[in-house]
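Pasted below: run34.txt, compact mmCIF, N, CA and C atoms.
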```
# COMPACT_ATOMS: atom_id res chain seq x y z
N MET J 1 90.81 121.81 121.08
CA MET J 1 91.30 120.46 120.88
C MET J 1 92.83 120.47 120.99
N THR J 2 93.35 119.48 121.66
CA THR J 2 94.80 119.38 121.84
C THR J 2 95.39 118.43 120.81
N ILE J 3 96.70 118.47 120.69
CA ILE J 3 97.39 117.56 119.79
C ILE J 3 97.17 116.13 120.25
N PHE J 4 97.18 115.91 121.58
CA PHE J 4 96.92 114.58 122.13
C PHE J 4 95.56 114.07 121.66
N SER J 5 94.54 114.90 121.79
CA SER J 5 93.18 114.46 121.41
C SER J 5 93.08 114.19 119.91
N GLU J 6 93.79 114.97 119.11
CA GLU J 6 93.80 114.73 117.67
C GLU J 6 94.44 113.39 117.34
N ARG J 7 95.55 113.08 118.00
CA ARG J 7 96.23 111.81 117.74
C ARG J 7 95.40 110.63 118.23
N LEU J 8 94.69 110.81 119.35
CA LEU J 8 93.82 109.75 119.86
C LEU J 8 92.71 109.46 118.85
N ARG J 9 92.10 110.50 118.32
CA ARG J 9 91.05 110.34 117.32
C ARG J 9 91.62 109.67 116.06
N GLU J 10 92.80 110.08 115.66
CA GLU J 10 93.45 109.50 114.48
C GLU J 10 93.66 107.99 114.65
N GLU J 11 94.11 107.58 115.83
CA GLU J 11 94.32 106.15 116.10
C GLU J 11 92.98 105.40 116.10
N ARG J 12 91.95 105.99 116.67
CA ARG J 12 90.63 105.35 116.67
C ARG J 12 90.15 105.13 115.24
N LYS J 13 90.30 106.14 114.41
CA LYS J 13 89.87 106.03 113.01
C LYS J 13 90.73 105.03 112.25
N ARG J 14 92.02 105.00 112.55
CA ARG J 14 92.91 104.04 111.89
C ARG J 14 92.46 102.61 112.14
N LEU J 15 91.96 102.37 113.35
CA LEU J 15 91.48 101.04 113.70
C LEU J 15 90.05 100.79 113.23
N GLY J 16 89.40 101.81 112.66
CA GLY J 16 88.06 101.65 112.11
C GLY J 16 86.97 101.52 113.16
N LEU J 17 87.17 102.14 114.33
CA LEU J 17 86.18 102.04 115.39
C LEU J 17 85.45 103.36 115.59
N ASN J 18 84.16 103.28 115.96
CA ASN J 18 83.44 104.50 116.32
C ASN J 18 83.75 104.82 117.78
N GLN J 19 83.29 105.97 118.25
CA GLN J 19 83.64 106.40 119.61
C GLN J 19 83.10 105.45 120.67
N ALA J 20 81.89 104.94 120.49
CA ALA J 20 81.30 104.04 121.48
C ALA J 20 82.10 102.75 121.60
N ASP J 21 82.45 102.16 120.47
CA ASP J 21 83.22 100.91 120.50
C ASP J 21 84.63 101.11 121.04
N PHE J 22 85.24 102.22 120.66
CA PHE J 22 86.59 102.53 121.14
C PHE J 22 86.56 102.73 122.65
N ALA J 23 85.53 103.46 123.13
CA ALA J 23 85.38 103.70 124.57
C ALA J 23 85.23 102.37 125.31
N LYS J 24 84.42 101.49 124.78
CA LYS J 24 84.19 100.19 125.40
C LYS J 24 85.50 99.41 125.51
N GLN J 25 86.32 99.44 124.43
CA GLN J 25 87.61 98.76 124.45
C GLN J 25 88.53 99.33 125.52
N GLY J 26 88.39 100.64 125.79
CA GLY J 26 89.22 101.30 126.80
C GLY J 26 88.64 101.22 128.20
N GLY J 27 87.44 100.62 128.33
CA GLY J 27 86.81 100.47 129.63
C GLY J 27 86.15 101.73 130.16
N VAL J 28 85.74 102.62 129.24
CA VAL J 28 85.06 103.85 129.65
C VAL J 28 83.76 104.01 128.86
N LYS J 29 82.96 104.98 129.26
CA LYS J 29 81.71 105.28 128.56
C LYS J 29 82.00 106.20 127.37
N LYS J 30 81.04 106.27 126.46
CA LYS J 30 81.20 107.10 125.26
C LYS J 30 81.43 108.57 125.61
N ASP J 31 80.76 109.06 126.67
CA ASP J 31 80.95 110.46 127.07
C ASP J 31 82.40 110.75 127.46
N ALA J 32 83.03 109.79 128.13
CA ALA J 32 84.44 109.97 128.49
C ALA J 32 85.29 110.03 127.23
N GLN J 33 84.99 109.15 126.26
CA GLN J 33 85.72 109.16 125.00
C GLN J 33 85.58 110.50 124.29
N LEU J 34 84.36 111.04 124.28
CA LEU J 34 84.13 112.36 123.69
C LEU J 34 85.00 113.42 124.37
N ASN J 35 85.07 113.36 125.69
CA ASN J 35 85.89 114.32 126.43
C ASN J 35 87.37 114.18 126.11
N TYR J 36 87.83 112.94 125.95
CA TYR J 36 89.24 112.72 125.60
C TYR J 36 89.53 113.29 124.21
N GLU J 37 88.60 113.07 123.29
CA GLU J 37 88.83 113.51 121.91
C GLU J 37 88.62 115.00 121.69
N ASN J 38 87.87 115.66 122.58
CA ASN J 38 87.74 117.11 122.40
C ASN J 38 88.69 117.88 123.31
N GLY J 39 89.49 117.14 124.09
CA GLY J 39 90.55 117.77 124.87
C GLY J 39 90.15 118.31 126.22
N THR J 40 88.94 118.00 126.69
CA THR J 40 88.53 118.52 127.99
C THR J 40 88.96 117.63 129.15
N ARG J 41 89.31 116.37 128.87
CA ARG J 41 89.80 115.45 129.89
C ARG J 41 90.95 114.63 129.34
N ARG J 42 91.79 114.11 130.25
CA ARG J 42 92.89 113.22 129.88
C ARG J 42 92.59 111.84 130.47
N PRO J 43 92.85 110.79 129.71
CA PRO J 43 92.60 109.44 130.23
C PRO J 43 93.66 109.00 131.24
N ASP J 44 93.32 107.94 131.97
CA ASP J 44 94.29 107.39 132.92
C ASP J 44 95.08 106.26 132.26
N ALA J 45 96.04 105.73 133.01
CA ALA J 45 96.93 104.70 132.47
C ALA J 45 96.19 103.41 132.12
N SER J 46 95.18 103.04 132.89
CA SER J 46 94.47 101.78 132.61
C SER J 46 93.73 101.85 131.27
N TYR J 47 93.22 103.02 130.92
CA TYR J 47 92.56 103.23 129.62
C TYR J 47 93.58 103.04 128.50
N LEU J 48 94.73 103.68 128.64
CA LEU J 48 95.77 103.59 127.61
C LEU J 48 96.31 102.17 127.51
N GLU J 49 96.44 101.49 128.62
CA GLU J 49 96.90 100.11 128.62
C GLU J 49 95.92 99.21 127.88
N ALA J 50 94.62 99.41 128.09
CA ALA J 50 93.60 98.62 127.40
C ALA J 50 93.63 98.89 125.90
N LEU J 51 93.84 100.13 125.52
CA LEU J 51 93.89 100.47 124.10
C LEU J 51 95.14 99.91 123.44
N ALA J 52 96.25 99.87 124.17
CA ALA J 52 97.48 99.28 123.62
C ALA J 52 97.24 97.82 123.28
N ALA J 53 96.41 97.14 124.07
CA ALA J 53 96.13 95.72 123.84
C ALA J 53 95.35 95.48 122.55
N ILE J 54 94.64 96.49 122.05
CA ILE J 54 93.89 96.32 120.80
C ILE J 54 94.63 96.91 119.59
N GLY J 55 95.87 97.37 119.81
CA GLY J 55 96.67 97.83 118.68
C GLY J 55 96.86 99.33 118.56
N VAL J 56 96.40 100.09 119.54
CA VAL J 56 96.62 101.54 119.52
C VAL J 56 98.10 101.81 119.80
N ASP J 57 98.69 102.68 119.02
CA ASP J 57 100.08 103.08 119.24
C ASP J 57 100.08 104.17 120.31
N VAL J 58 100.14 103.74 121.57
CA VAL J 58 100.04 104.66 122.71
C VAL J 58 101.22 105.64 122.72
N LEU J 59 102.40 105.18 122.34
CA LEU J 59 103.54 106.09 122.27
C LEU J 59 103.25 107.24 121.32
N TYR J 60 102.65 106.95 120.17
CA TYR J 60 102.30 107.99 119.21
C TYR J 60 101.25 108.94 119.80
N VAL J 61 100.23 108.39 120.45
CA VAL J 61 99.19 109.23 121.04
C VAL J 61 99.79 110.19 122.05
N LEU J 62 100.72 109.71 122.86
CA LEU J 62 101.31 110.55 123.91
C LEU J 62 102.37 111.51 123.42
N THR J 63 103.23 111.05 122.48
CA THR J 63 104.40 111.86 122.11
C THR J 63 104.43 112.32 120.66
N GLY J 64 103.66 111.67 119.80
CA GLY J 64 103.73 111.99 118.38
C GLY J 64 104.76 111.16 117.65
N GLU J 65 105.51 110.32 118.36
CA GLU J 65 106.51 109.43 117.77
C GLU J 65 105.92 108.04 117.65
N HIS J 66 106.00 107.46 116.45
CA HIS J 66 105.46 106.12 116.25
C HIS J 66 106.36 105.08 116.90
N SER J 67 105.73 104.10 117.49
CA SER J 67 106.45 102.99 118.10
C SER J 67 106.89 102.03 117.00
N ALA J 68 108.11 101.55 117.09
CA ALA J 68 108.62 100.61 116.09
C ALA J 68 107.81 99.32 116.09
N SER J 69 107.20 98.98 117.20
CA SER J 69 106.45 97.73 117.27
C SER J 69 105.16 97.79 116.46
N THR J 70 104.70 98.99 116.10
CA THR J 70 103.47 99.08 115.29
C THR J 70 103.79 99.07 113.80
N LEU J 71 105.07 99.08 113.46
CA LEU J 71 105.45 99.02 112.06
C LEU J 71 105.42 97.57 111.58
N SER J 72 105.04 97.38 110.32
CA SER J 72 105.09 96.04 109.75
C SER J 72 106.55 95.64 109.58
N ALA J 73 106.78 94.37 109.31
CA ALA J 73 108.15 93.88 109.13
C ALA J 73 108.84 94.61 107.98
N ASP J 74 108.10 94.84 106.88
CA ASP J 74 108.66 95.57 105.74
C ASP J 74 109.03 97.00 106.13
N GLU J 75 108.15 97.66 106.90
CA GLU J 75 108.43 99.04 107.31
C GLU J 75 109.64 99.09 108.24
N GLN J 76 109.75 98.11 109.14
CA GLN J 76 110.91 98.07 110.03
C GLN J 76 112.20 97.88 109.25
N MET J 77 112.16 97.02 108.22
CA MET J 77 113.35 96.77 107.41
C MET J 77 113.73 98.05 106.64
N LEU J 78 112.74 98.72 106.07
CA LEU J 78 113.00 99.97 105.34
C LEU J 78 113.58 101.04 106.26
N LEU J 79 113.00 101.17 107.43
CA LEU J 79 113.47 102.17 108.38
C LEU J 79 114.91 101.88 108.83
N ALA J 80 115.19 100.62 109.12
CA ALA J 80 116.55 100.25 109.54
C ALA J 80 117.54 100.52 108.41
N GLY J 81 117.17 100.18 107.18
CA GLY J 81 118.05 100.44 106.05
C GLY J 81 118.27 101.92 105.83
N TYR J 82 117.19 102.71 105.93
CA TYR J 82 117.29 104.16 105.75
C TYR J 82 118.21 104.76 106.80
N ARG J 83 118.06 104.34 108.03
CA ARG J 83 118.88 104.89 109.11
C ARG J 83 120.36 104.54 108.97
N SER J 84 120.65 103.46 108.24
CA SER J 84 122.05 103.08 108.07
C SER J 84 122.73 103.83 106.92
N LEU J 85 121.97 104.59 106.14
CA LEU J 85 122.53 105.32 105.00
C LEU J 85 123.18 106.63 105.42
N ASP J 86 124.11 107.09 104.58
CA ASP J 86 124.67 108.42 104.79
C ASP J 86 123.70 109.44 104.18
N ALA J 87 124.04 110.71 104.25
CA ALA J 87 123.15 111.78 103.78
C ALA J 87 122.81 111.63 102.30
N ARG J 88 123.79 111.24 101.49
CA ARG J 88 123.55 111.09 100.06
C ARG J 88 122.58 109.93 99.78
N GLY J 89 122.77 108.82 100.49
CA GLY J 89 121.87 107.68 100.34
C GLY J 89 120.45 108.01 100.76
N ARG J 90 120.32 108.75 101.86
CA ARG J 90 118.98 109.15 102.33
C ARG J 90 118.30 110.06 101.31
N ALA J 91 119.08 110.98 100.72
CA ALA J 91 118.51 111.86 99.70
C ALA J 91 118.03 111.05 98.50
N GLY J 92 118.77 110.03 98.14
CA GLY J 92 118.37 109.17 97.02
C GLY J 92 117.09 108.43 97.31
N VAL J 93 116.97 107.90 98.53
CA VAL J 93 115.75 107.18 98.91
C VAL J 93 114.55 108.12 98.91
N LEU J 94 114.73 109.30 99.48
CA LEU J 94 113.63 110.27 99.50
C LEU J 94 113.23 110.69 98.09
N GLY J 95 114.21 110.83 97.21
CA GLY J 95 113.91 111.17 95.82
C GLY J 95 113.15 110.06 95.13
N ALA J 96 113.53 108.82 95.39
CA ALA J 96 112.84 107.68 94.79
C ALA J 96 111.40 107.61 95.28
N ILE J 97 111.21 107.81 96.57
CA ILE J 97 109.86 107.79 97.13
C ILE J 97 109.02 108.91 96.54
N SER J 98 109.61 110.08 96.43
CA SER J 98 108.89 111.21 95.85
C SER J 98 108.48 110.92 94.41
N GLY J 99 109.37 110.33 93.65
CA GLY J 99 109.06 110.00 92.26
C GLY J 99 108.00 108.93 92.14
N LEU J 100 107.99 107.99 93.06
CA LEU J 100 107.01 106.91 93.01
C LEU J 100 105.63 107.32 93.51
N THR J 101 105.56 108.34 94.33
CA THR J 101 104.27 108.73 94.90
C THR J 101 103.63 109.93 94.23
N GLN J 102 104.25 110.46 93.19
CA GLN J 102 103.66 111.60 92.49
C GLN J 102 102.47 111.15 91.67
N THR J 103 101.50 112.04 91.52
CA THR J 103 100.33 111.76 90.72
C THR J 103 100.72 111.67 89.26
N PRO J 104 100.23 110.65 88.54
CA PRO J 104 100.55 110.53 87.11
C PRO J 104 100.15 111.78 86.33
N ALA J 105 100.89 112.05 85.26
CA ALA J 105 100.67 113.26 84.46
C ALA J 105 99.25 113.34 83.94
N ALA J 106 98.65 112.23 83.57
CA ALA J 106 97.29 112.25 83.04
C ALA J 106 96.30 112.77 84.08
N GLU J 107 96.56 112.48 85.35
CA GLU J 107 95.68 112.95 86.42
C GLU J 107 96.00 114.37 86.82
N ARG J 108 97.25 114.82 86.64
CA ARG J 108 97.66 116.17 87.02
C ARG J 108 97.10 117.22 86.10
N LYS J 109 96.84 116.86 84.85
CA LYS J 109 96.37 117.80 83.83
C LYS J 109 97.37 118.93 83.65
N SER J 110 98.64 118.59 83.65
CA SER J 110 99.67 119.59 83.42
C SER J 110 100.68 119.02 82.44
N LYS J 111 101.64 119.84 82.11
CA LYS J 111 102.66 119.44 81.14
C LYS J 111 103.57 118.37 81.74
N SER J 112 104.15 117.57 80.89
CA SER J 112 105.13 116.57 81.33
C SER J 112 106.41 117.28 81.73
N GLN J 113 107.16 116.62 82.61
CA GLN J 113 108.43 117.17 83.04
C GLN J 113 109.49 116.10 82.99
N VAL J 114 110.72 116.54 82.82
CA VAL J 114 111.86 115.64 82.85
C VAL J 114 112.83 116.18 83.87
N MET J 115 113.35 115.28 84.72
CA MET J 115 114.38 115.65 85.68
C MET J 115 115.63 114.86 85.32
N VAL J 116 116.74 115.55 85.25
CA VAL J 116 118.01 114.91 84.92
C VAL J 116 118.92 115.08 86.13
N GLY J 117 119.42 113.95 86.65
CA GLY J 117 120.29 114.00 87.82
C GLY J 117 121.70 114.37 87.42
N GLY J 118 122.40 114.96 88.34
CA GLY J 118 123.79 115.32 88.10
C GLY J 118 124.63 114.94 89.30
N SER J 119 125.86 115.38 89.29
CA SER J 119 126.73 115.09 90.42
C SER J 119 126.38 116.01 91.59
N ASN J 120 126.78 115.62 92.77
CA ASN J 120 126.56 116.41 93.99
C ASN J 120 125.08 116.69 94.25
N ASN J 121 124.24 115.72 93.92
CA ASN J 121 122.79 115.82 94.17
C ASN J 121 122.15 117.03 93.50
N GLN J 122 122.71 117.47 92.37
CA GLN J 122 122.11 118.57 91.64
C GLN J 122 121.21 118.00 90.56
N GLN J 123 120.11 118.67 90.33
CA GLN J 123 119.17 118.23 89.31
C GLN J 123 118.79 119.41 88.43
N ALA J 124 118.49 119.08 87.18
CA ALA J 124 117.99 120.09 86.26
C ALA J 124 116.71 119.54 85.68
N GLY J 125 115.77 120.37 85.43
CA GLY J 125 114.52 119.87 84.87
C GLY J 125 113.68 121.00 84.35
N GLY J 126 112.58 120.62 83.76
CA GLY J 126 111.66 121.62 83.25
C GLY J 126 110.53 120.97 82.49
N ALA J 127 109.60 121.77 82.09
CA ALA J 127 108.43 121.27 81.36
C ALA J 127 108.81 120.94 79.93
N ILE J 128 108.13 119.95 79.41
CA ILE J 128 108.34 119.57 78.02
C ILE J 128 107.18 120.10 77.20
N LYS J 129 107.51 120.83 76.19
CA LYS J 129 106.48 121.35 75.31
C LYS J 129 106.59 120.58 74.00
N THR J 130 105.52 119.97 73.62
CA THR J 130 105.55 119.19 72.39
C THR J 130 104.75 119.92 71.31
N THR J 131 105.30 119.88 70.12
CA THR J 131 104.61 120.46 68.98
C THR J 131 104.63 119.46 67.84
N THR J 132 103.66 119.56 67.01
CA THR J 132 103.64 118.66 65.85
C THR J 132 103.75 119.52 64.61
N ARG J 133 104.62 119.06 63.75
CA ARG J 133 104.79 119.76 62.47
C ARG J 133 104.13 118.94 61.39
N THR J 134 103.51 119.63 60.52
CA THR J 134 102.92 118.93 59.37
C THR J 134 103.65 119.36 58.13
N LYS J 135 103.90 118.41 57.30
CA LYS J 135 104.59 118.72 56.04
C LYS J 135 103.54 119.09 55.00
N LYS J 136 103.89 120.10 54.24
CA LYS J 136 103.00 120.48 53.14
C LYS J 136 103.34 119.63 51.95
N ARG J 137 102.35 119.10 51.33
CA ARG J 137 102.57 118.29 50.13
C ARG J 137 102.65 119.19 48.92
N ALA J 138 103.53 118.78 48.05
CA ALA J 138 103.65 119.54 46.80
C ALA J 138 102.41 119.20 45.95
N THR J 139 101.85 120.22 45.36
CA THR J 139 100.68 119.99 44.51
C THR J 139 100.99 120.24 43.07
```
Rewrite the structure of this file - the entire thing - as structure tokens.
Amino acid sequence: MTIFSERLREERKRLGLNQADFAKQGGVKKDAQLNYENGTRRPDASYLEALAAIGVDVLYVLTGEHSASTLSADEQMLLAGYRSLDARGRAGVLGAISGLTQTPAAERKSKSQVMVGGSNNQQAGGAIKTTTRTKKRAT
């Protein structure tokens, strides 16, 4: 299997189509689609043009680079803003995304952690160990 065939399959699945329906949209038979997805054949331009009309990111299938036209308006705005940042700003955005996409501690089944930011993009952190003390009552 080639990288091209993997990306083609990925786009088909993204659109929620089975191989027969995807092949029909591209103007080919299911066997041709199977050959494209297992890497034994390459499609022609008319097939790719037909798939572009149904929302396949043909640039991504061919090169691995996503086309800006397949991004939503929000994604385009985020990408444009990110590209306008300097290195420090980009690091901050990536840190924020990383913090927002981490699995909650309850699901991780691990200790809580604290990260403290510093100057020059330095961070310090570590696990938090909690203990409970009980007071002995005088008898």
task: Taking (84.8, 104.4, 128.1) in the file's own coordinates, collect the residues within 12 Å, counting only C-alpha atoms, and hand them back as a ChimeraX atom specification.
output: /J:18-37,43-44,46-48,50-51
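Pairwise distance (atom C of Arg7 in chain J, CA of Ser72 in chain J) equals 19.5 Å.
Separating atom C of Ile54 in chain J from CA of Glu10 in chain J is a distance of 13.6 Å.
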- line: Computed gap from atom N of Leu8 in chain J to atom C of Leu62 in chain J is 8.7 Å
